[in-house]
Each structure stands twice: as structure tokens, then as C-alpha cells.
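Student: Pasting in a structure now, in C-alpha cells, and then I'll have a few things to ask.
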Amino acid sequence: MSELRFDDRAAIVTGAGRGVGRCHALALASRGAKVVVADLGGELDGSGSSAGPAEDVVKEIEAAGGEAVAAHASVADEKGAASIVQAALDAFGRLDVVVNNAGIADPDLFEDLSLERFRRMVEVHYLGTVNVTFAAWPHMLKAGYGRVVNTTSEGALGTVPKCTSYGGAKGGVLAFTKALANDAMRHGLQVNAVAPRANTRLSAPWVLAKTYDLPEDIFTESDTMEKFRPELVSPAAVFLAHESCKLNGEVLVSGGGQVMRMVIMENEGITKDALSPEDIADNLDQLMDLSDAHEVAVETLLDEVEH
């Protein structure tokens, strides 16, 4: 297959000043995309700001012969998100790709969190994704073309401890991706998501040590951390952002040289007239059996309504 190029395309990558987002921006630019490098430059928990990280990535792209501009607004702010989209239109006159990658981390047990910490997580991960996409959507509709690549997490599935705030927010992104993909197909647009496995600030040794209640040196001395370099997430994001990609409403888990499809499944369960709680208890093994499970897809739901 020929190289997947983005010549004459313009892309926004949020959270692009460091980690996975930086790698996404560099990868897209290396393939011809004009890139808005959007990053508030804040701390891991979302506090503070700095123009440095975004500006540094723009310099990297330009040094390699690419074209990029920086944006420093917060995706959690509606006007800030709109200004990121406007930066693409002002600099490049178009917008073809949005990669929603901005995120923060703040792991803790549910009982030790505060509602304010939950709110901050939702504002950045979920509403940040919605804000940028909402501002970009009218321009994609007008152009009749667009690719949105969101960033969710396997943590949304309850696989990670101390993850109620982060996992809940990423669960919102997962649901948003699926629901928006349903709307997008009416207009020929496509919305998908990546669930990264990467060694970044969000999964630094001290963060993992706190998350799993383990000594930090277990992670600092592990060869596994090197395996999950952030640039190994980008192939999935770049593919989903390309015009040749036909996927819609999909989630690709990516990292460590591996990519996997993540889906939501349901089985046939049990069916009985006047179903009672006792019926569920008596048939629990059948209810929990996934041997006949199938993917929950838009087409499946429509078929059930029509038939």
C-alpha cells in the first residue's frame, strides 16, 4: 500500500505539546498535514499553563519542513475550544481532522476524591472533547468531509483501580464517540476513537505506583515502560484520521506495537413473559454466558426496531 498522506489537509491535535499528542502531531505533519498544535501547557492535574510545550512542537515540525501553528487555549473552556478551531481556519483556511487528545490524571480512591476533582476530569476529558468537536462540526458539515479521532481509555471499562474520575470521564468520551458516529454517517463524516497504551506523564512511574499501591521502582526499573513508547500509539490515530479509512464508531486499543478492536457486546440472555427477579436468579448462568454474544452496533439496534 502507498503511504497514507495528508497533503492539503489541515488537522487539530489537542494535548499535542507532550506525550501521545506530540507524537500524533509529528506523525501527521510528517505525512503532509498542516497542524494546529493545541496545548494549554498545564500540570498533570490540569493546573497552570505554559506556551512552551506547544511552541516547542511547532518548532520541531517546522525544522522537519512541515507547517504548524500553536494554540494555547483550554479545551475545557467553550470559547477556548472555539479559538483552537479558528486558529486552523485562520492559518490554513480549512479543517479536515480533529484529534481530541488533551487529558489530565488524578488517581485516587473514590472516597478520597472530591466532587471538584471529578468535575475537573469531566471538564477536560469529556467536555473538552465535546467543545472542540462542537466548534469544528459546522465547518466539517459545510465541507462534506471530516475525521474526528477521540481518545478514550480501557480504564473506562473498570479495569484500573483508583480510576472512577478518569475512567468515568473517558467513559463519557467512549459513549460520545459511538453516539456522534451515528449522527456523522448522515453527513458522510466519520468519528472513531483510540484507547492508548503508552508511557507518558499520565502513566508515569509515580502515577502507576499510586494507582496500584506498589513501589515506584517496580515501574522505573521495568523494561515494559520502554516498550510502550508514546509514538507507538500514533499509527492507529493516523489511520483513523485518513480519508481512506472507512471505519465509523470504532475504538482501537493501540500501543506497544499492537492494535486491537474494542467493542461492546451483548448476549441473548433470557426471555420470559412476566419476568421476575427470581427468574433472573434461577437462570443466572445462562444470563452471564457470553458464548453467543454479539457486538452492539447501530445496524443491530435498527434491525430490532424494524422487525
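Each chain of the C-alpha cells is named A, B, ... in the order shown, its residues numbered from 1; ligands are numbered from 1 in display order.
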Could you pull the residues within 10 Å of His187 in chain A, counting only C-alpha atoms, minus those fewer than 6 positions along the same chain, as a PyMOL selection string?
Tutor: chain A and resi 140-142+144-146
Student: For the contact check between range 123-183 of chain A and range 196-219 of chain A, emit one row per residue of range 123-183 of chain A within 8 Å, containing the shortest atom pair and the distance in Å rounded to one decimal, counting only C-alpha atoms, chain then rising number order, as a Markdown table.
Tutor:
| residue | atom | partner | partner_atom | distance |
| --- | --- | --- | --- | --- |
| A:Thr151 | CA | A:Pro196 | CA | 7.5 |
| A:Thr152 | CA | A:Pro196 | CA | 7.6 |
| A:Ser153 | CA | A:Pro196 | CA | 6.5 |
| A:Val160 | CA | A:Thr211 | CA | 7.9 |
| A:Pro161 | CA | A:Thr211 | CA | 6.2 |
| A:Lys162 | CA | A:Thr211 | CA | 5.8 |
Student: Which residues are close to Leu232 in chain A, i.e. within 6 Å by only C-alpha atoms, leaving aside same-chain residues fewer than 6 positions away? Reply as a VMD selection string.
Tutor: chain A and resid 255 to 257
Student: Please identify all polymer residues within 8 Å of range 278-295 of chain A, counting only C-alpha atoms, omitting same-chain residues fewer than 3 positions from it, and present them as a ChimeraX atom specification.
Tutor: /A:263-270,275
Student: Which of range 216-279 of chain A end up as helix (DSSP H, G or I) when DSSP is run on this backbone - answer as a VMD selection string?
Tutor: chain A and resid 217 to 220 224 to 227 230 to 232 234 to 241 277 to 279
Student: Can you check which residues of range 64-269 of chain A DSSP gives as strand (DSSP E) on the backbone and send them as a PyMOL selection string?
Tutor: chain A and resi 67-71+97-100+147-151+190-196+251-255+258-262+265-266
Student: Print the selection's residues with C-alpha atoms to a file, as a PDB file, in the first residue's frame.
Tutor:
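This went into selection.pdb:
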ATOM      1  CA  GLU A  67       3.765  23.576   8.661  1.00  0.00           C
ATOM      2  CA  ALA A  68       2.179  24.164  12.066  1.00  0.00           C
ATOM      3  CA  VAL A  69       0.810  26.801  14.409  1.00  0.00           C
ATOM      4  CA  ALA A  70       0.379  26.730  18.176  1.00  0.00           C
ATOM      5  CA  ALA A  71      -2.784  27.276  20.207  1.00  0.00           C
ATOM      6  CA  VAL A  97      -9.150  16.354  11.008  1.00  0.00           C
ATOM      7  CA  VAL A  98      -9.686  16.775  14.738  1.00  0.00           C
ATOM      8  CA  VAL A  99      -7.727  14.575  17.121  1.00  0.00           C
ATOM      9  CA  ASN A 100      -9.072  15.091  20.649  1.00  0.00           C
ATOM     10  CA  ARG A 147     -12.447  12.860  10.516  1.00  0.00           C
ATOM     11  CA  VAL A 148     -12.752  13.023  14.309  1.00  0.00           C
ATOM     12  CA  VAL A 149     -10.450  10.831  16.389  1.00  0.00           C
ATOM     13  CA  ASN A 150     -11.217  10.887  20.110  1.00  0.00           C
ATOM     14  CA  THR A 151      -9.132   9.487  22.946  1.00  0.00           C
ATOM     15  CA  GLN A 190     -16.537   9.665  10.486  1.00  0.00           C
ATOM     16  CA  VAL A 191     -15.911   9.550  14.235  1.00  0.00           C
ATOM     17  CA  ASN A 192     -13.695   6.952  15.901  1.00  0.00           C
ATOM     18  CA  ALA A 193     -11.515   6.661  18.977  1.00  0.00           C
ATOM     19  CA  VAL A 194      -8.151   5.417  20.167  1.00  0.00           C
ATOM     20  CA  ALA A 195      -7.522   3.875  23.597  1.00  0.00           C
ATOM     21  CA  PRO A 196      -3.779   4.383  24.140  1.00  0.00           C
ATOM     22  CA  VAL A 251     -12.385   2.057  19.133  1.00  0.00           C
ATOM     23  CA  LEU A 252      -8.847   0.856  18.518  1.00  0.00           C
ATOM     24  CA  VAL A 253      -6.648  -0.024  21.502  1.00  0.00           C
ATOM     25  CA  SER A 254      -3.123   0.889  20.460  1.00  0.00           C
ATOM     26  CA  GLY A 255       0.338   0.678  21.998  1.00  0.00           C
ATOM     27  CA  GLN A 258      -0.101  -3.792  18.913  1.00  0.00           C
ATOM     28  CA  VAL A 259      -3.545  -2.628  17.816  1.00  0.00           C
ATOM     29  CA  MET A 260      -6.837  -4.248  18.804  1.00  0.00           C
ATOM     30  CA  ARG A 261     -10.513  -3.609  18.232  1.00  0.00           C
ATOM     31  CA  MET A 262     -12.568  -2.895  21.364  1.00  0.00           C
ATOM     32  CA  MET A 265     -21.087  -6.943  23.412  1.00  0.00           C
ATOM     33  CA  GLU A 266     -24.419  -8.368  24.499  1.00  0.00           C
TER      34      GLU A 266
END
Student: Considering only C-alpha atoms, state which residue in the set A:Ser165, A:Ala143, A:Gly188, A:Val36 is at the smallest distance from Asp112 in chain A.
Tutor: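 Closest candidate: A:Ser165.
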Student: Between A:Ser114, A:Thr224, A:Ser74, A:Thr164, single out the one closest to Leu127 in chain A, counting only C-alpha atoms.
Tutor: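 Closest to Leu127 in chain A of all the choices is A:Ser74.
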Student: Taking 5 positions as the minimum chain separation for residues in the same chain, which residues sit within 12 Å of Ala38 in chain A when counting only C-alpha atoms? Answer as number ranges by chain.
Tutor: A: 11-18, 21-22, 24-25, 50-58, 68-75, 80-88, 98-103, 128, 132
Student: Filtering to N, CA and C atoms, could you give me those residues as a compact mmCIF listing (two decimals), in the first residue's frame?
Tutor:
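Result file follows (again.txt):
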# COMPACT_ATOMS: atom_id res chain seq x y z
N ALA A 11 -5.18 19.70 10.22
CA ALA A 11 -5.57 18.92 11.40
C ALA A 11 -5.33 19.70 12.68
N ILE A 12 -6.20 19.44 13.64
CA ILE A 12 -6.00 19.91 15.02
C ILE A 12 -5.66 18.70 15.87
N VAL A 13 -4.65 18.83 16.71
CA VAL A 13 -4.35 17.81 17.72
C VAL A 13 -4.31 18.52 19.07
N THR A 14 -5.21 18.16 19.97
CA THR A 14 -5.19 18.77 21.30
C THR A 14 -4.30 17.95 22.23
N GLY A 15 -3.80 18.60 23.25
CA GLY A 15 -2.85 17.94 24.14
C GLY A 15 -1.60 17.53 23.38
N ALA A 16 -1.22 18.36 22.39
CA ALA A 16 -0.16 17.99 21.46
C ALA A 16 1.22 18.47 21.88
N GLY A 17 1.33 19.05 23.06
CA GLY A 17 2.61 19.58 23.49
C GLY A 17 3.55 18.54 24.05
N ARG A 18 3.00 17.41 24.47
CA ARG A 18 3.82 16.36 25.08
C ARG A 18 3.19 15.00 24.82
N GLY A 21 0.03 13.05 22.28
CA GLY A 21 -0.43 14.12 21.41
C GLY A 21 0.69 14.70 20.56
N ARG A 22 1.84 14.90 21.16
CA ARG A 22 3.01 15.37 20.41
C ARG A 22 3.33 14.41 19.28
N HIS A 24 1.30 12.29 17.79
CA HIS A 24 0.26 12.40 16.77
C HIS A 24 0.54 13.59 15.84
N ALA A 25 0.87 14.74 16.44
CA ALA A 25 1.11 15.95 15.66
C ALA A 25 2.31 15.77 14.73
N SER A 50 1.34 27.01 30.20
CA SER A 50 2.60 27.47 29.63
C SER A 50 2.52 27.33 28.11
N ALA A 51 3.00 28.34 27.41
CA ALA A 51 3.01 28.28 25.95
C ALA A 51 4.13 27.40 25.43
N GLY A 52 5.10 27.08 26.30
CA GLY A 52 6.30 26.37 25.88
C GLY A 52 6.09 25.05 25.15
N PRO A 53 5.34 24.10 25.72
CA PRO A 53 5.20 22.78 25.08
C PRO A 53 4.66 22.84 23.65
N ALA A 54 3.60 23.62 23.42
CA ALA A 54 3.04 23.72 22.07
C ALA A 54 4.02 24.39 21.12
N GLU A 55 4.66 25.46 21.58
CA GLU A 55 5.62 26.17 20.74
C GLU A 55 6.79 25.28 20.36
N ASP A 56 7.23 24.45 21.30
CA ASP A 56 8.36 23.55 21.02
C ASP A 56 8.03 22.54 19.93
N VAL A 57 6.80 22.01 19.97
CA VAL A 57 6.40 21.04 18.95
C VAL A 57 6.26 21.71 17.59
N VAL A 58 5.75 22.93 17.56
CA VAL A 58 5.68 23.68 16.29
C VAL A 58 7.08 23.83 15.70
N ALA A 68 2.97 24.29 10.84
CA ALA A 68 2.18 24.16 12.07
C ALA A 68 2.05 25.51 12.75
N VAL A 69 0.99 25.64 13.55
CA VAL A 69 0.81 26.80 14.41
C VAL A 69 0.42 26.30 15.80
N ALA A 70 0.69 27.10 16.80
CA ALA A 70 0.38 26.73 18.18
C ALA A 70 -0.90 27.40 18.64
N ALA A 71 -1.61 26.72 19.53
CA ALA A 71 -2.78 27.28 20.21
C ALA A 71 -2.68 26.90 21.67
N HIS A 72 -2.94 27.85 22.55
CA HIS A 72 -2.69 27.63 23.97
C HIS A 72 -3.95 27.64 24.83
N ALA A 73 -5.10 27.65 24.23
CA ALA A 73 -6.35 27.74 24.98
C ALA A 73 -6.69 26.41 25.65
N SER A 74 -7.56 26.48 26.65
CA SER A 74 -8.03 25.28 27.34
C SER A 74 -9.23 24.69 26.60
N VAL A 75 -9.19 23.39 26.34
CA VAL A 75 -10.32 22.73 25.70
C VAL A 75 -11.53 22.70 26.62
N GLY A 80 -12.38 28.92 24.49
CA GLY A 80 -11.02 28.48 24.22
C GLY A 80 -11.00 27.41 23.14
N ALA A 81 -11.92 26.46 23.23
CA ALA A 81 -12.01 25.40 22.23
C ALA A 81 -12.33 25.99 20.86
N ALA A 82 -13.24 26.95 20.83
CA ALA A 82 -13.59 27.60 19.56
C ALA A 82 -12.40 28.33 18.96
N SER A 83 -11.55 28.89 19.82
CA SER A 83 -10.38 29.61 19.32
C SER A 83 -9.36 28.66 18.70
N ILE A 84 -9.32 27.42 19.18
CA ILE A 84 -8.43 26.42 18.59
C ILE A 84 -8.87 26.10 17.17
N VAL A 85 -10.17 25.93 16.99
CA VAL A 85 -10.71 25.69 15.65
C VAL A 85 -10.47 26.89 14.75
N GLN A 86 -10.68 28.08 15.30
CA GLN A 86 -10.47 29.29 14.50
C GLN A 86 -9.01 29.42 14.08
N ALA A 87 -8.10 28.95 14.93
CA ALA A 87 -6.67 29.00 14.59
C ALA A 87 -6.38 28.21 13.32
N ALA A 88 -7.05 27.06 13.16
CA ALA A 88 -6.88 26.26 11.95
C ALA A 88 -7.42 26.99 10.73
N VAL A 98 -9.80 16.38 13.33
CA VAL A 98 -9.69 16.77 14.74
C VAL A 98 -9.29 15.54 15.54
N VAL A 99 -8.17 15.64 16.22
CA VAL A 99 -7.73 14.57 17.12
C VAL A 99 -7.83 15.11 18.54
N ASN A 100 -8.84 14.65 19.27
CA ASN A 100 -9.07 15.09 20.65
C ASN A 100 -8.25 14.22 21.60
N ASN A 101 -7.14 14.78 22.05
CA ASN A 101 -6.21 14.00 22.86
C ASN A 101 -5.92 14.62 24.23
N ALA A 102 -6.32 15.87 24.45
CA ALA A 102 -5.99 16.55 25.70
C ALA A 102 -6.52 15.78 26.90
N GLY A 103 -5.69 15.65 27.93
CA GLY A 103 -6.14 14.93 29.11
C GLY A 103 -5.28 15.21 30.33
N GLY A 128 -14.11 18.73 27.14
CA GLY A 128 -13.07 19.21 26.24
C GLY A 128 -13.20 18.61 24.87
N VAL A 132 -14.38 21.03 21.50
CA VAL A 132 -13.60 21.19 20.27
C VAL A 132 -14.37 20.61 19.08
Student: Please indicate the distance in Å from CA of Glu111 in chain A to CA of Gly155 in chain A, rounded to one decimal place.
Tutor: 18.0 Å
Student: Rounded to one decimal, what separation in Å do you get between CA of Leu95 in chain A and CA of Lys170 in chain A?
Tutor: 24.8 Å
Student: So how many Å separate CA of Ala10 in chain A and CA of Leu89 in chain A, to one decimal?
Tutor: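 Between CA of Ala10 in chain A and CA of Leu89 in chain A the gap works out to 8.8 Å.
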Student: Mind checking which residues fall within 8 Å of range 44-49 of chain A, counting only C-alpha atoms, ignoring those fewer than 2 positions away in the same chain, and posting them as a list in words?
Tutor: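 My list of contacting residues is Leu40, Gly41, Gly42, Ala51, Ile104, Ala105, Asp106, Arg120, Arg201 and Leu202 of chain A.
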Student: So, counting only C-alpha atoms, which residue among A:Cys23, A:Leu247, A:Leu28, A:Met1 is closest to Ala181 in chain A?
Tutor: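 Of A:Cys23, A:Leu247, A:Leu28, A:Met1, the one nearest Ala181 in chain A, counting only C-alpha atoms, is A:Leu247.
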Student: Can you tell me, as a compact mmCIF listing (two decimals) with N, CA and C atoms, in the first residue's frame, what residues are no more than 9 Å from Ala64 in chain A when counting only C-alpha atoms, ignoring any on the same chain fewer than 5 positions away?
Tutor:
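See around_27.txt below for the written result:
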# COMPACT_ATOMS: atom_id res chain seq x y z
N ALA A 29 2.11 15.68 10.61
CA ALA A 29 2.89 16.68 9.88
C ALA A 29 3.90 16.02 8.94
N SER A 30 4.49 14.91 9.37
CA SER A 30 5.47 14.21 8.54
C SER A 30 4.84 13.63 7.28
N LYS A 59 8.05 24.15 16.53
CA LYS A 59 9.43 24.30 16.06
C LYS A 59 9.96 22.98 15.51
